[in-house]
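Have a look at the structure below, then the notes.
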Amino acid sequence: MKGRVRSTIAGVVSLVAMCLAIAAQSGSIATDNDSARVQSLESAWNQAEMRHDAQSMSMLLSETFVLTDDDGSLMNKSQWLAHVKSGIDKYDQLTNSGIAVRLYGNVAIATGMYKEKITEKGKGVAHTGRFIDIWIQEKGEWKCVASQATLISN
C-alpha cells in the first residue's frame, strides 16, 4: 500500500510539473494590463492607417491576418498593407469609441465603433461603423489575426 501511495504522489507531482512547464511555454495569461495594451494598439492602428504607414501597421498584424472590410471585401496581410501604403483612402479623421476588450487567455476580442471622414475617389465621405478585432499573444506580443468592419446607416 505504501508503495502505491508514493507512486501516486510521484505521479501527481510529475503531472503538476508538466502542466507548469506547458503553461510557461504558452506565454502569460491575459490581465487587465493586457486589455489596456490592446486598446492602445487599436489607437496605434488608426494612426498607422491615417499616415499610410504600412511598416507600423505590419508590426500590429499576425502573419495569418485577414480583414473583412465594410464593403465585404476580404484581404490578407500583404493585401491590406498594400492598401494602407497606397494612400487610396485620404483620412481627415479616424477615431474609435466605446471600445470593449474581452480576454480569453491569450486571445483578446476588441469591439467598438469607428468614425471616419475620408476622401474616396475625389469625394468627401463620412462613415460610422462597428468593428471586431481578434488579437492573440504571440511570443509575448499582441498581434491582430482578424478584423471585421460593418457600416452603420446614417
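Residues in the C-alpha cells are numbered from 1 in each chain, the chains being A, B, ... in the order shown, and ligands are numbered from 1 in the order shown.
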* For Lys85 of chain A, work out the shell of residues within 9 Å, counting only C-alpha atoms and skipping chain neighbours fewer than 5 positions away, then give it as a PyMOL selection string. => chain A and resi 49+51-55+80
What does the file look like for those residues with N, CA and C atoms, as a JSON list (two decimals), in the first residue's frame?
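Now in result02.json:
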[["chain", "number", "residue", "atom", "x", "y", "z"],
["A", 49, "GLU", "N", -2.87, 53.76, -40.02],
["A", 49, "GLU", "CA", -3.74, 53.80, -41.20],
["A", 49, "GLU", "C", -3.86, 55.22, -41.74],
["A", 51, "ARG", "N", -1.72, 57.65, -41.50],
["A", 51, "ARG", "CA", -0.43, 58.09, -42.04],
["A", 51, "ARG", "C", 0.04, 57.22, -43.21],
["A", 52, "HIS", "N", -0.77, 56.19, -43.56],
["A", 52, "HIS", "CA", -0.39, 55.25, -44.63],
["A", 52, "HIS", "C", 0.94, 54.58, -44.31],
["A", 53, "ASP", "N", 1.13, 54.28, -43.03],
["A", 53, "ASP", "CA", 2.37, 53.71, -42.52],
["A", 53, "ASP", "C", 2.25, 52.18, -42.46],
["A", 54, "ALA", "N", 2.53, 51.55, -43.58],
["A", 54, "ALA", "CA", 2.41, 50.09, -43.68],
["A", 54, "ALA", "C", 3.40, 49.37, -42.77],
["A", 55, "GLN", "N", 4.57, 49.96, -42.56],
["A", 55, "GLN", "CA", 5.58, 49.33, -41.71],
["A", 55, "GLN", "C", 5.08, 49.23, -40.26],
["A", 80, "TRP", "N", -3.75, 43.97, -47.37],
["A", 80, "TRP", "CA", -4.14, 45.09, -46.51],
["A", 80, "TRP", "C", -3.00, 46.09, -46.40]]
* To do: Go through segment 24-69 of chain A and collect every residue that DSSP, computed from the backbone, puts in helix (DSSP H, G or I); the answer should be as a PyMOL selection string.
  => chain A and resi 24-25+32-50+54-60
* Asked: What separation in Å, quoted to one decimal, exists between atom CA of Lys90 of chain A and atom CA of Gln148 of chain A?
  ->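 Going from atom CA of Lys90 of chain A over to atom CA of Gln148 of chain A, I get 20.2 Å.
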Leaving out Leu61 of chain A and any residue of its chain fewer than 4 positions from it, which residues lie within 7 Å of it when counting only C-alpha atoms, given as a compact mmCIF listing (two decimals) with N, CA and C atoms, in the first residue's frame?
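For reference, out_22.txt as written:
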# COMPACT_ATOMS: atom_id res chain seq x y z
N MET A 57 1.92 49.40 -39.33
CA MET A 57 0.75 48.53 -39.36
C MET A 57 1.18 47.07 -39.36
N PHE A 65 -3.07 37.20 -40.66
CA PHE A 65 -4.12 38.22 -40.58
C PHE A 65 -5.07 38.18 -41.78
N LYS A 143 -0.87 40.52 -31.36
CA LYS A 143 -0.96 40.66 -32.82
C LYS A 143 -2.41 40.46 -33.23
N CYS A 144 -2.87 41.25 -34.17
CA CYS A 144 -4.24 41.10 -34.67
C CYS A 144 -4.25 40.00 -35.73
N VAL A 145 -5.18 39.04 -35.55
CA VAL A 145 -5.28 37.94 -36.51
C VAL A 145 -6.49 38.10 -37.43
Which residues of segment 27-87 of chain A come within 12 Å of segment 115-139 of chain A, and for each one, what is the closest pair of atoms and their distance in Å to one decimal, counting only C-alpha atoms, sorted by chain and residue number, as CSV?
residue,atom,partner,partner_atom,distance
A:Gly27,CA,A:Lys139,CA,6.8
A:Ser28,CA,A:Gln137,CA,8.4
A:Ile29,CA,A:Gln137,CA,9.2
A:Ala30,CA,A:Gln137,CA,8.6
A:Thr31,CA,A:Gln137,CA,11.8
A:Asp34,CA,A:Gln137,CA,9.5
A:Ser35,CA,A:Trp135,CA,10.5
A:Arg37,CA,A:Trp135,CA,10.8
A:Val38,CA,A:Trp135,CA,7.8
A:Gln39,CA,A:Asp133,CA,10.6
A:Leu41,CA,A:Trp135,CA,9.9
A:Glu42,CA,A:Asp133,CA,8.8
A:Trp45,CA,A:Asp133,CA,11.0
A:Asn46,CA,A:Glu116,CA,10.0
A:Glu49,CA,A:Glu116,CA,11.2
A:Met50,CA,A:Ile118,CA,9.6
A:Met59,CA,A:Glu138,CA,11.8
A:Leu60,CA,A:Trp135,CA,9.3
A:Leu61,CA,A:Trp135,CA,8.6
A:Ser62,CA,A:Glu138,CA,8.3
A:Glu63,CA,A:Glu138,CA,10.6
A:Thr64,CA,A:Ile136,CA,11.2
A:Phe65,CA,A:Ile134,CA,9.5
A:Val66,CA,A:Ile134,CA,10.1
A:Leu67,CA,A:Asp133,CA,9.1
A:Thr68,CA,A:Phe131,CA,9.9
A:Asp69,CA,A:Phe131,CA,9.5
A:Asp70,CA,A:Gly129,CA,8.0
A:Asp71,CA,A:Gly129,CA,11.3
A:Gly87,CA,A:Glu120,CA,10.1
* For Ser43 of chain A, list every protein, DNA or RNA residue within 9 Å, evaluated using only C-alpha atoms, and leave out those in the same chain fewer than 5 positions away; present the list as a ChimeraX atom specification. => /A:38,48,95-96
* To do: Rank nothing, just name the residue among A:Ser97, A:Ser147, A:Ser58, A:Thr111 nearest to Ser78 of chain A, using only C-alpha atoms.
  =>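 Looking at the shortest contact to Ser78 of chain A, the residue is A:Ser58.
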* **Between atom CA of Val84 of chain A and atom CA of Gly140 of chain A, distance in Å (one decimal)** =>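 Result for atom CA of Val84 of chain A versus atom CA of Gly140 of chain A: 25.8 Å, one decimal.
One finds atom CA of Val107 of chain A at 26.4 Å from atom CA of Ala82 of chain A.
Between Ala36 of chain A and the residues A:Gly105, A:Ser56, A:Trp142, A:Leu81, the shortest atom-to-atom distance, using only C-alpha atoms, involves A:Trp142.
Counting only C-alpha atoms, the residue from A:Ala110, A:Tyr91, A:Gln79, A:Ser73 that sits nearest to Ser40 of chain A is A:Ala110.
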* Asked: Looking at A:Ala44, A:Leu94, A:Leu103, A:Ala149, which one is nearest to Gly72 of chain A, with distances taken over only C-alpha atoms?
  ->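 Using only C-alpha atoms, the shortest distance to Gly72 of chain A belongs to A:Ala149.
Distances to Ile152 of chain A were evaluated for A:His83, A:Met113, A:Met75, A:Ile99 using only C-alpha atoms, and the minimum falls at A:Met113.
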